[in-house]
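> What follows is the file work19.txt, containing compact mmCIF, C-alpha atoms:
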# COMPACT_ATOMS: atom_id res chain seq x y z
CA MET A 27 5.75 4.17 2.90
CA ILE A 28 6.73 0.91 1.28
CA VAL A 29 3.73 -1.06 0.12
CA VAL A 30 4.19 -4.59 -1.22
CA ASN A 31 1.99 -7.61 -1.72
CA THR A 32 4.72 -10.03 -0.68
CA GLU A 33 5.42 -11.32 2.80
CA SER A 34 8.74 -9.58 3.14
CA VAL A 35 10.52 -6.56 1.76
CA PRO A 36 13.81 -7.45 0.07
CA GLY A 37 16.65 -5.50 1.58
CA TYR A 38 14.74 -4.92 4.81
CA GLN A 39 13.84 -6.95 7.85
CA ILE A 40 10.61 -6.75 9.75
CA THR A 41 11.20 -5.71 13.34
CA SER A 42 7.63 -5.62 14.59
CA VAL A 43 4.13 -6.30 13.32
CA LEU A 44 1.61 -3.59 14.09
CA GLY A 45 -1.58 -5.19 12.81
CA ILE A 46 -4.04 -5.19 9.96
CA VAL A 47 -4.74 -1.96 8.14
CA GLN A 48 -7.54 -1.63 5.63
CA GLY A 49 -9.34 0.69 3.32
CA ASN A 50 -12.53 0.32 1.38
CA VAL A 51 -14.59 2.30 -1.05
CA VAL A 52 -17.95 1.74 -2.71
CA ARG A 53 -18.23 3.50 -6.01
CA ALA A 54 -21.14 3.86 -8.35
CA LYS A 55 -20.78 4.67 -12.00
CA HIS A 56 -22.68 7.63 -13.32
CA VAL A 57 -25.24 7.31 -16.07
CA GLY A 58 -23.08 9.08 -18.63
CA ARG A 59 -20.47 6.40 -18.31
CA ASP A 60 -23.13 3.73 -18.58
CA ILE A 61 -24.40 5.18 -21.83
CA ALA A 62 -20.92 5.53 -23.29
CA ALA A 63 -20.12 1.96 -22.24
CA GLY A 64 -23.38 0.75 -23.73
CA LEU A 65 -22.43 2.18 -27.10
CA LYS A 66 -18.91 0.82 -26.87
CA ASN A 67 -20.32 -2.56 -25.98
CA ILE A 68 -21.71 -2.97 -29.48
CA VAL A 69 -18.23 -3.28 -30.93
CA GLY A 70 -16.28 -4.52 -27.91
CA GLY A 71 -12.94 -3.11 -26.87
CA GLU A 72 -11.83 -1.31 -23.76
CA LEU A 73 -14.42 0.52 -21.71
CA LYS A 74 -12.11 3.31 -20.55
CA GLY A 75 -14.68 4.93 -18.27
CA TYR A 76 -14.93 1.78 -16.19
CA THR A 77 -11.18 1.26 -16.14
CA GLU A 78 -10.74 4.79 -14.80
CA LEU A 79 -13.42 4.17 -12.21
CA LEU A 80 -11.50 1.15 -10.96
CA THR A 81 -8.19 3.01 -10.94
CA GLU A 82 -9.70 5.86 -8.92
CA SER A 83 -11.39 3.47 -6.51
CA ARG A 84 -8.16 1.58 -5.95
CA ARG A 85 -6.30 4.80 -5.30
CA THR A 86 -8.89 5.94 -2.76
CA ALA A 87 -8.90 2.57 -0.99
CA ILE A 88 -5.10 2.46 -0.83
CA GLU A 89 -5.02 6.05 0.43
CA ARG A 90 -7.37 5.11 3.28
CA MET A 91 -5.24 2.11 4.14
CA LEU A 92 -2.11 4.28 4.11
CA SER A 93 -3.61 6.83 6.48
CA GLN A 94 -4.38 4.04 8.95
CA ALA A 95 -0.82 2.80 8.65
CA ARG A 96 0.52 6.30 9.24
CA GLU A 97 -1.53 6.53 12.43
CA LEU A 98 0.19 3.36 13.61
CA GLN A 99 3.52 4.89 12.58
CA ALA A 100 4.28 1.96 10.33
CA ASP A 101 7.20 1.94 7.89
CA ALA A 102 5.65 -0.48 5.44
CA ILE A 103 2.57 -2.48 4.62
CA VAL A 104 3.18 -6.08 3.55
CA ASN A 105 0.95 -8.79 2.14
CA VAL A 106 -1.53 -6.39 0.63
CA ARG A 107 -4.64 -8.05 -0.82
CA PHE A 108 -7.56 -6.68 -2.78
CA SER A 109 -11.07 -7.95 -2.97
CA THR A 110 -14.07 -6.71 -4.85
CA SER A 111 -17.75 -7.34 -4.49
CA ALA A 112 -20.76 -6.20 -6.45
CA VAL A 113 -23.09 -4.56 -3.94
CA THR A 114 -25.95 -3.79 -6.30
CA GLN A 115 -26.13 -3.28 -10.00
CA GLY A 116 -24.02 -0.23 -10.72
CA ALA A 117 -22.10 -0.11 -7.45
CA ALA A 118 -19.06 -2.09 -6.50
CA GLU A 119 -16.99 -2.31 -3.37
CA LEU A 120 -13.24 -2.37 -3.48
CA TYR A 121 -11.56 -3.50 -0.30
CA VAL A 122 -7.84 -3.49 0.35
CA TYR A 123 -6.06 -4.82 3.40
CA GLY A 124 -2.56 -5.55 4.52
CA THR A 125 -0.29 -5.87 7.53
CA ALA A 126 1.40 -2.76 8.87
CA VAL A 127 4.95 -3.42 9.99
CA LYS A 128 8.07 -1.71 11.23
CA ILE A 129 11.12 -2.44 9.13
CA GLU A 130 14.84 -1.82 9.17
CA PRO A 131 17.27 -1.92 6.26
CA VAL A 132 19.52 -4.96 6.23
CA VAL A 133 23.21 -4.35 5.70
CA GLN A 134 24.26 -5.43 2.21
CA ALA A 135 26.94 -7.79 3.55
CA ALA A 136 24.39 -9.62 5.67
CA MET A 137 22.15 -10.11 2.66
CA ALA A 138 24.87 -11.78 0.64
CA THR A 139 25.41 -14.53 3.22
CA MET B 5 -43.72 -1.22 -52.20
CA ASP B 6 -46.32 -1.29 -49.54
CA MET B 7 -45.63 -0.05 -46.05
CA GLU B 8 -45.88 -3.42 -44.36
CA LEU B 9 -43.06 -4.87 -46.43
CA ILE B 10 -40.78 -1.94 -45.66
CA PHE B 11 -41.65 -2.20 -42.01
CA GLY B 12 -41.02 -5.96 -42.05
CA LEU B 13 -37.63 -5.52 -43.70
CA PHE B 14 -36.73 -2.91 -41.10
CA VAL B 15 -37.72 -5.12 -38.17
CA VAL B 16 -35.74 -8.10 -39.47
CA GLY B 17 -32.95 -6.14 -41.13
CA LEU B 18 -31.91 -3.90 -38.27
CA PRO B 19 -30.94 -6.65 -35.78
CA VAL B 20 -29.19 -8.58 -38.55
CA PHE B 21 -27.34 -5.46 -39.62
CA MET B 22 -26.37 -4.74 -36.00
CA LEU B 23 -24.99 -8.25 -35.58
CA ALA B 24 -23.01 -8.06 -38.81
CA PHE B 25 -21.66 -4.63 -37.92
CA ALA B 26 -20.72 -5.77 -34.40
CA TRP B 27 -19.05 -8.88 -35.78
CA ALA B 28 -16.93 -6.93 -38.25
CA MET B 29 -15.98 -4.29 -35.70
CA GLY B 30 -15.32 -6.93 -33.05
CA VAL B 31 -12.90 -8.77 -35.31
CA TRP B 32 -11.16 -5.50 -36.15
CA VAL B 33 -10.88 -4.40 -32.49
CA THR B 34 -9.55 -7.83 -31.47
CA ARG B 35 -6.93 -8.00 -34.20
CA ARG B 36 -5.75 -4.48 -33.52
CA HIS B 37 -5.47 -5.16 -29.80
CA GLU B 38 -3.58 -8.43 -30.32
CA ALA B 39 -1.11 -6.80 -32.71
CA ASP B 40 -0.62 -3.97 -30.22
CA LEU B 41 0.02 -6.42 -27.36
CA ALA B 42 2.48 -8.46 -29.38
CA GLN B 43 4.50 -5.33 -30.08
CA ARG B 44 4.44 -4.04 -26.50
CA GLU B 45 5.46 -7.43 -25.15
CA LEU B 46 8.82 -7.09 -26.87
CA ALA B 47 9.68 -3.93 -24.94
CA VAL B 48 9.18 -5.55 -21.53
CA ALA B 49 10.35 -9.08 -22.33
CA HIS B 50 13.43 -8.69 -20.11
CA ILE B 51 11.40 -8.29 -16.91
CA LEU B 52 11.19 -11.41 -14.78
CA ILE B 53 7.62 -12.15 -13.77
CA HIS B 54 6.38 -14.81 -11.37
CA ASN B 55 3.65 -15.41 -8.85
CA SER B 56 5.78 -16.55 -5.98
CA GLY B 57 5.80 -14.50 -2.80
CA ARG B 58 9.47 -15.22 -2.24
CA LEU B 59 11.76 -12.68 -3.77
CA GLN B 60 14.69 -14.86 -4.64
CA ASP B 61 17.79 -13.19 -6.09
CA ALA B 62 16.42 -9.89 -4.90
CA THR B 63 18.87 -7.08 -4.59
CA THR B 64 18.62 -3.55 -3.26
CA GLY B 65 18.19 -1.10 -6.08
CA PRO B 66 17.94 2.67 -6.25
CA HIS B 67 14.53 2.52 -4.58
CA PRO B 68 12.68 -0.01 -2.40
CA PRO B 69 10.28 -2.60 -3.85
CA MET B 70 6.85 -1.32 -4.62
CA MET B 71 3.40 -2.71 -5.17
CA ILE B 72 2.05 -2.12 -8.64
CA THR B 73 -1.59 -2.38 -9.63
CA SER B 74 -3.37 -2.16 -12.93
CA GLU B 75 -6.85 -2.72 -14.20
CA VAL B 76 -8.74 -2.94 -17.43
CA THR B 77 -12.37 -3.30 -18.43
CA LEU B 78 -13.12 -4.90 -21.76
CA GLY B 79 -16.55 -5.11 -23.28
CA VAL B 80 -17.79 -8.14 -25.13
CA ASP B 81 -19.11 -7.05 -28.49
CA HIS B 82 -22.76 -7.44 -29.39
CA PHE B 83 -22.12 -10.36 -31.74
CA ARG B 84 -20.06 -12.37 -29.26
CA GLY B 85 -22.53 -11.56 -26.52
CA PHE B 86 -25.24 -12.96 -28.77
CA LEU B 87 -23.18 -16.09 -29.46
CA GLY B 88 -22.54 -16.50 -25.75
CA GLN B 89 -26.23 -16.34 -24.97
CA TRP B 90 -27.00 -18.82 -27.70
CA LYS B 91 -24.32 -21.13 -26.35
CA SER B 92 -25.75 -20.96 -22.86
CA LEU B 93 -28.84 -22.74 -24.13
CA PHE B 94 -26.81 -25.87 -24.78
CA GLY B 95 -23.89 -25.43 -22.41
CA GLY B 96 -20.28 -26.07 -23.26
CA GLN B 97 -17.32 -23.85 -23.84
CA VAL B 98 -17.97 -20.26 -24.77
CA ARG B 99 -14.87 -19.55 -26.85
CA SER B 100 -15.83 -16.01 -27.71
CA TYR B 101 -15.75 -15.09 -24.00
CA GLN B 102 -12.58 -17.02 -23.34
CA MET B 103 -10.77 -15.01 -25.95
CA VAL B 104 -11.88 -11.70 -24.45
CA LEU B 105 -10.81 -12.84 -20.98
CA ASP B 106 -7.41 -13.88 -22.30
CA ARG B 107 -6.94 -10.53 -23.93
CA ALA B 108 -7.98 -8.71 -20.75
CA ARG B 109 -5.46 -10.67 -18.71
CA ARG B 110 -2.67 -10.02 -21.18
CA GLU B 111 -3.51 -6.34 -21.14
CA VAL B 112 -3.41 -5.94 -17.32
CA VAL B 113 -0.15 -7.83 -17.02
CA MET B 114 1.28 -5.73 -19.83
CA ARG B 115 0.27 -2.51 -18.05
CA MET B 116 1.96 -3.66 -14.86
CA LEU B 117 5.14 -4.58 -16.69
CA GLU B 118 5.17 -1.23 -18.43
CA GLN B 119 4.80 0.62 -15.12
CA ALA B 120 7.60 -1.47 -13.59
CA ASN B 121 9.79 -0.89 -16.61
CA GLU B 122 9.25 2.87 -16.48
CA MET B 123 10.52 2.95 -12.92
CA GLY B 124 13.50 0.80 -13.76
CA TYR B 125 12.48 -2.35 -11.91
CA THR B 126 13.71 -5.62 -13.34
CA ALA B 127 11.29 -8.11 -11.81
CA LEU B 128 7.70 -8.48 -10.73
CA ALA B 129 6.78 -10.91 -7.96
CA ASN B 130 3.59 -12.26 -6.48
CA LEU B 131 1.40 -11.59 -9.46
CA ARG B 132 -2.27 -11.80 -8.55
CA ILE B 133 -5.14 -11.50 -10.98
CA ASP B 134 -8.70 -10.81 -9.83
CA PHE B 135 -12.00 -10.11 -11.47
CA ALA B 136 -14.38 -7.37 -10.52
CA ASP B 137 -17.99 -7.44 -11.47
CA ILE B 138 -18.50 -3.70 -11.65
CA SER B 139 -21.52 -3.79 -13.89
CA GLY B 140 -23.20 -6.31 -11.60
CA SER B 141 -23.79 -8.68 -14.53
CA ALA B 142 -23.71 -11.66 -12.20
CA LEU B 143 -26.54 -10.14 -10.21
CA THR B 144 -28.77 -9.09 -13.06
CA ARG B 145 -27.82 -11.64 -15.72
CA ARG B 146 -27.59 -8.90 -18.28
CA LYS B 147 -26.65 -10.17 -21.69
CA ALA B 148 -23.19 -8.81 -22.45
CA ALA B 149 -20.82 -8.99 -19.54
CA ASP B 150 -18.18 -6.33 -19.04
CA ILE B 151 -14.98 -7.99 -18.04
CA SER B 152 -12.97 -6.12 -15.42
CA VAL B 153 -9.63 -7.58 -14.55
CA LEU B 154 -7.45 -6.30 -11.73
CA ALA B 155 -3.85 -7.27 -11.29
CA THR B 156 -1.46 -6.72 -8.39
CA GLY B 157 2.21 -7.46 -7.99
CA THR B 158 5.37 -6.30 -6.31
CA ALA B 159 8.09 -4.80 -8.44
CA TYR B 160 11.66 -5.26 -7.26
CA PHE B 161 15.22 -5.48 -8.45
CA VAL B 162 16.72 -8.82 -9.32
CA ALA B 163 20.46 -9.44 -9.20
CA PRO B 164 21.90 -9.66 -12.71
CA LYS B 165 23.13 -13.17 -13.58
CA SER B 166 26.87 -13.40 -13.44
Mind turning this structure into structure tokens?

Amino acid sequence: MIVVNTESVPGYQITSVLGIVQGNVVRAKHVGRDIAAGLKNIVGGELKGYTELLTESRRTAIERMLSQARELQADAIVNVRFSTSAVTQGAAELYVYGTAVKIEPVVQAAMAT
Amino acid sequence: MDMELIFGLFVVGLPVFMLAFAWAMGVWVTRRHEADLAQRELAVAHILIHNSGRLQDATTGPHPPMMITSEVTLGVDHFRGFLGQWKSLFGGQVRSYQMVLDRARREVVMRMLEQANEMGYTALANLRIDFADISGSALTRRKAADISVLATGTAYFVAPKS
């Protein structure tokens, strides 16, 4: 599945729009990560535990969005957007949404004109 | 020396020592990160990056365009956090935070470019940068904020200039 955050997919044309697909995930950090981050916070620098948490959350959210798109038998998801919100202290929601579409490759000659 | 004096020195000395230690380490961490970024930027300097949704000069490459995401969480060191709090009494620019935010943004963009480069893409469109408040600092007004930056973009192939 082609996933892009632009309105179109270069080299392809959109033949039909299937609708919005979305995925969300609320993740909490565990205490161990909090303690490690607390120590790291004295000197500054990257808090790897939190970065990983975000990466995992994004992956899960995208995966959920993809499974919705597969149900619709979409070829691609365009205009993907993320949003985050802090639900409580220590838990954050990551929400991803996009438009599922059907696409077809454009012939190279047609693209040049 | 009597016990009270030792105790007094400890009470005053420890926070001062912590601030000095955090300041020194913070400067070191910042310099190292900036030097690292400057070096990595050279390797991906050829990739075109823009925040327009239109993929002009796009060409079909070996694989279709792909969305790329990256994220980073940077902590603000104890000393800068302290400065930031002090500054918030009077208002005005908090330079120590600005610098950390700048570094966080450079880092996420760099990670995206590196991912794109690894897969052979030559351009990155529709760059979007967001912030995530994962530690809920905005809710609790905790002293040192963790800065999480998320970036999204679409990697594609751009036609080489003739």
> Which of these, B:Gln43, B:Gln89, B:Gln119, B:Thr156, has the shortest distance to chain A once you count all atoms listed in the file?
B:Thr156
> For a quick test of understanding: name the residues of chain B lying within 7 Å of chain A when counting all atoms listed in the file, and present them as a ChimeraX atom specification.
/B:26,29-30,33,57,59,62-64,69-71,75-82,130,136-140,143,157-158
> For a test of reading the model, state the distance in Å between CA of Val122 in chain A and CA of Glu45 in chain B, rounded to one decimal.
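It comes out at 29.0 Å.
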> Which value, in Å to one decimal, gives the distance between CA of Arg109 in chain B and CA of Arg58 in chain B?
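Calculated distance between CA of Arg109 in chain B and CA of Arg58 in chain B is 22.7 Å.
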> Around (1.4, -0.3, -10.8) in the file's own coordinates, what residues are found within 6 Å if you use all atoms listed in the file, given back as a list in words?
Ile72, Thr73, Ser74, Met116 and Gln119 of chain B
> How many Å lie between CA of Ile133 in chain B and CA of Thr86 in chain A, rounded to one decimal?
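For CA of Ile133 in chain B relative to CA of Thr86 in chain A, the distance reads 19.6 Å.
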> Leaving out Ile53 in chain B and any residue of its chain fewer than 2 positions from it, which residues lie within 8 Å of it when counting all atoms listed in the file, given as a CSV table (one decimal) with C-alpha atoms, in the frame of the given file?

chain,number,residue,atom,x,y,z
B,51,ILE,CA,11.4,-8.3,-16.9
B,55,ASN,CA,3.6,-15.4,-8.8
B,127,ALA,CA,11.3,-8.1,-11.8
B,128,LEU,CA,7.7,-8.5,-10.7
B,129,ALA,CA,6.8,-10.9,-8.0
B,131,LEU,CA,1.4,-11.6,-9.5
> Given the choices B:Arg132, B:Met103, B:Ala155, B:Glu111, which gets closest to Ala42 in chain B if the distance is worked out from only C-alpha atoms?
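Among the listed residues, the smallest separation from Ala42 in chain B belongs to B:Glu111.
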> So which one's closest to Glu130 in chain A, B:Glu8, B:Pro68, B:Val31, B:Phe25? Using all atoms listed in the file, please.
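Using all atoms listed in the file, Glu130 in chain A sits closest to B:Pro68.
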> Please write as a list in words the list of polymer residues whose atoms come within 7 Å of (7.8, -1.1, -10.5), counting all atoms listed in the file and keeping to the coordinates of the file.
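Residues satisfying the cut-off, written out: Met70, Ile72, Gln119, Ala120, Asn121, Met123, Gly124, Tyr125, Ala159 and Tyr160 of chain B.
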> Please produce an output containing C-alpha atoms for each residue in the selection, written as a PDB file, keeping the file's coordinate frame.

ATOM      1  CA  MET B  70       6.850  -1.320  -4.620  1.00  0.00           C
ATOM      2  CA  ILE B  72       2.050  -2.120  -8.640  1.00  0.00           C
ATOM      3  CA  GLN B 119       4.800   0.620 -15.120  1.00  0.00           C
ATOM      4  CA  ALA B 120       7.600  -1.470 -13.590  1.00  0.00           C
ATOM      5  CA  ASN B 121       9.790  -0.890 -16.610  1.00  0.00           C
ATOM      6  CA  MET B 123      10.520   2.950 -12.920  1.00  0.00           C
ATOM      7  CA  GLY B 124      13.500   0.800 -13.760  1.00  0.00           C
ATOM      8  CA  TYR B 125      12.480  -2.350 -11.910  1.00  0.00           C
ATOM      9  CA  ALA B 159       8.090  -4.800  -8.440  1.00  0.00           C
ATOM     10  CA  TYR B 160      11.660  -5.260  -7.260  1.00  0.00           C
TER      11      TYR B 160
END
> Smallest atom-to-atom distance to Ala100 in chain A: which of A:Ile61, A:Gly49, A:Gly124, A:Leu44, using all atoms listed in the file?
A:Leu44
> Nearest to Met91 in chain A among A:Ala62, A:Val51, A:Lys128, A:Val43, with distances taken over all atoms listed in the file: which residue is it?
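With all atoms listed in the file as the atom set, the closest residue is A:Val51.
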